[in-house]
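Asker: Sending over a structure as structure tokens; questions will come in a sec.
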Amino acid sequence: MTENYFADRLFNALEKEEPSSGMLLVAAPGMPSPEFARSVVLIIEHSEAYTFGVTLTQRSDIAVYNVLPEWLPAVAKPQAFYVGGPVAPQSAVGVGVTKPDVVIDEHPEFTRLANRLVHVDLRSKPHDVVEYLDGMRIFAGYSEWAPGQLDAEIDRGDWYVAPALPGDVVAAGSSDLWGDVLRRQQMPLPLFSTFPVNVEDN
């Protein structure tokens, strides 16, 4: 019943956004999947075939310096890998924030997501792109949905779709990104920004 309660409050009173590249998936309170509780996922690609994105809210204990030291100058602090999701944890995905004057389409190393957000091709040479970035994150693994799966989860009330801001990707390690994203949405979403991790503690 909990997920139905929050679905009513989060979704029925709002004009729904459609998932697409550069949008955020914000886990609704009562998310039935524990691994995605209080998570914020940046969608990198969304099509009829699949949806692919990275979770922005789970930092690992693995330092970028120990695995991909050549990318360290581009990575925002804290300079650790983030856990992008449960799929292919040995793979690496780069997402960056370009400097304000960068023309993204002139750089084949970047795939535009939203505003200044780009998917960074980690096969490129770091010194060719670092001067164009204000910061980036490298994710171990990613999150993926099969055809129709994400739409079903959104309809069920598991996710709220919201626009991404550049600062979401390079947010400080101490920040509560889930709460911050909810607070900047239209009512009634800000009311849920202080929803406790454990309801029993409330």
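So you can find residues: chains in the structure tokens are A, B, ... in the order shown, residues in each start at 1, and ligands are numbered from 1 in order.
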Could you pull out the helix (DSSP H, G or I) residues of stretch 47-162 of chain A from DSSP and send them as a list of chain:residue names?
Answerer: A:Val64, A:Tyr65, A:Asn66, A:Val67, A:Pro69, A:Glu70, A:Trp71, A:Leu72, A:Pro73, A:Ala74, A:Ile104, A:Asp105, A:Glu106, A:Pro126, A:His127, A:Asp128, A:Val129, A:Val130, A:Glu131, A:Tyr132, A:Gln149, A:Leu150, A:Asp151, A:Ala152, A:Glu153, A:Ile154, A:Asp155, A:Arg156
Asker: Between A:Glu109, A:Phe139, A:Ala74, A:Pro188, which is the closest to A:Gln90 once you count only C-alpha atoms?
Answerer: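 Smallest distance to A:Gln90 is found for A:Phe139.
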Asker: Using only C-alpha atoms, can you tell me which of A:Ser143, A:Gln149, A:Thr57, A:Ser21 comes closest to A:Asp180?
Answerer: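 Looking at the shortest contact to A:Asp180, the residue is A:Thr57.
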Asker: Which residues are close to A:Ala80, i.e. within 6 Å by only C-alpha atoms, leaving aside same-chain residues fewer than 3 positions away? Reply as a list in words.
Answerer: Ile62, Ala63 and Val64 of chain A
Asker: From the set A:Ser124, A:Thr98, A:Ser47, A:Asn66, which residue has the shortest atom-to-atom contact distance to A:Pro147, counting only C-alpha atoms?
Answerer: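 Distance minimum relative to A:Pro147 lands on A:Ser47.
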Asker: Step one, run DSSP on the backbone; step two, keep only residues of stretch 60-183 of chain A assigned to strand (DSSP E or B); then write them as a ChimeraX atom specification.
Answerer: /A:60-63,75,80-83,87-98,110-114,117-120,133-145,159-163
Asker: Which neighbours of A:Ile44 fall inside 8 Å, counting only C-alpha atoms, when residues of the same chain fewer than 4 positions from it are skipped, and could you give them as a PyMOL selection string?
Answerer: chain A and resi 20-22+51-54+113+119
Asker: Selected residues, N, CA, C and O atoms, written as a tab-separated table (two decimals), in the first residue's frame, please.
Answerer:
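So the final result, stored in out12.tsv, reads:
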chain	number	residue	atom	x	y	z
A	20	SER	N	13.86	10.67	-21.35
A	20	SER	CA	14.67	10.87	-22.54
A	20	SER	C	16.11	11.12	-22.09
A	20	SER	O	16.38	11.32	-20.91
A	21	SER	N	17.02	11.12	-23.02
A	21	SER	CA	18.42	11.37	-22.70
A	21	SER	C	18.57	12.70	-21.99
A	21	SER	O	18.00	13.71	-22.41
A	22	GLY	N	19.35	12.71	-20.90
A	22	GLY	CA	19.58	13.93	-20.16
A	22	GLY	C	18.57	14.22	-19.08
A	22	GLY	O	18.71	15.21	-18.36
A	51	THR	N	16.61	1.31	-22.24
A	51	THR	CA	16.99	2.55	-21.55
A	51	THR	C	18.26	2.28	-20.76
A	51	THR	O	18.38	1.25	-20.10
A	52	PHE	N	19.19	3.21	-20.86
A	52	PHE	CA	20.51	3.05	-20.25
A	52	PHE	C	20.85	4.33	-19.48
A	52	PHE	O	20.67	5.44	-19.98
A	53	GLY	N	21.30	4.18	-18.24
A	53	GLY	CA	21.66	5.35	-17.44
A	53	GLY	C	22.58	4.98	-16.30
A	53	GLY	O	22.96	3.81	-16.14
A	54	VAL	N	22.97	5.99	-15.52
A	54	VAL	CA	23.86	5.76	-14.39
A	54	VAL	C	23.28	6.40	-13.13
A	54	VAL	O	22.68	7.48	-13.18
A	113	LEU	N	23.76	15.36	-23.79
A	113	LEU	CA	22.65	14.84	-23.01
A	113	LEU	C	21.64	15.93	-22.72
A	113	LEU	O	20.48	15.85	-23.11
A	119	HIS	N	27.85	12.75	-22.40
A	119	HIS	CA	28.41	11.42	-22.23
A	119	HIS	C	29.82	11.48	-22.84
A	119	HIS	O	29.98	11.84	-24.00
Asker: If we count only C-alpha atoms and set the cut-off at 7 Å, which residues sit around A:Ala28, ignoring sequence neighbours fewer than 6 positions away in its own chain? Please answer as a PyMOL selection string.
Answerer: chain A and resi 157-160
Asker: Please determine, counting only C-alpha atoms, which residue among A:Ser91, A:Gln79, A:Ser174, A:Gln186 has the shortest atom-to-atom distance to A:Gly135.
Answerer: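 So, comparing all the options, the nearest one is A:Gln79.
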Asker: Ranking A:Val181, A:Ile154, A:Val93, A:Val169 by minimum distance to A:Glu17 and counting only C-alpha atoms, which one comes first?
Answerer: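 Of the candidates, the smallest distance to A:Glu17 is held by A:Ile154.
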Asker: Given only C-alpha atoms as the basis, pick out the residue of A:Glu106, A:Asp134, A:Asp121, A:Glu45 nearest to A:Ala92.
Answerer: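 Closest residue, counting only C-alpha atoms: A:Asp121.
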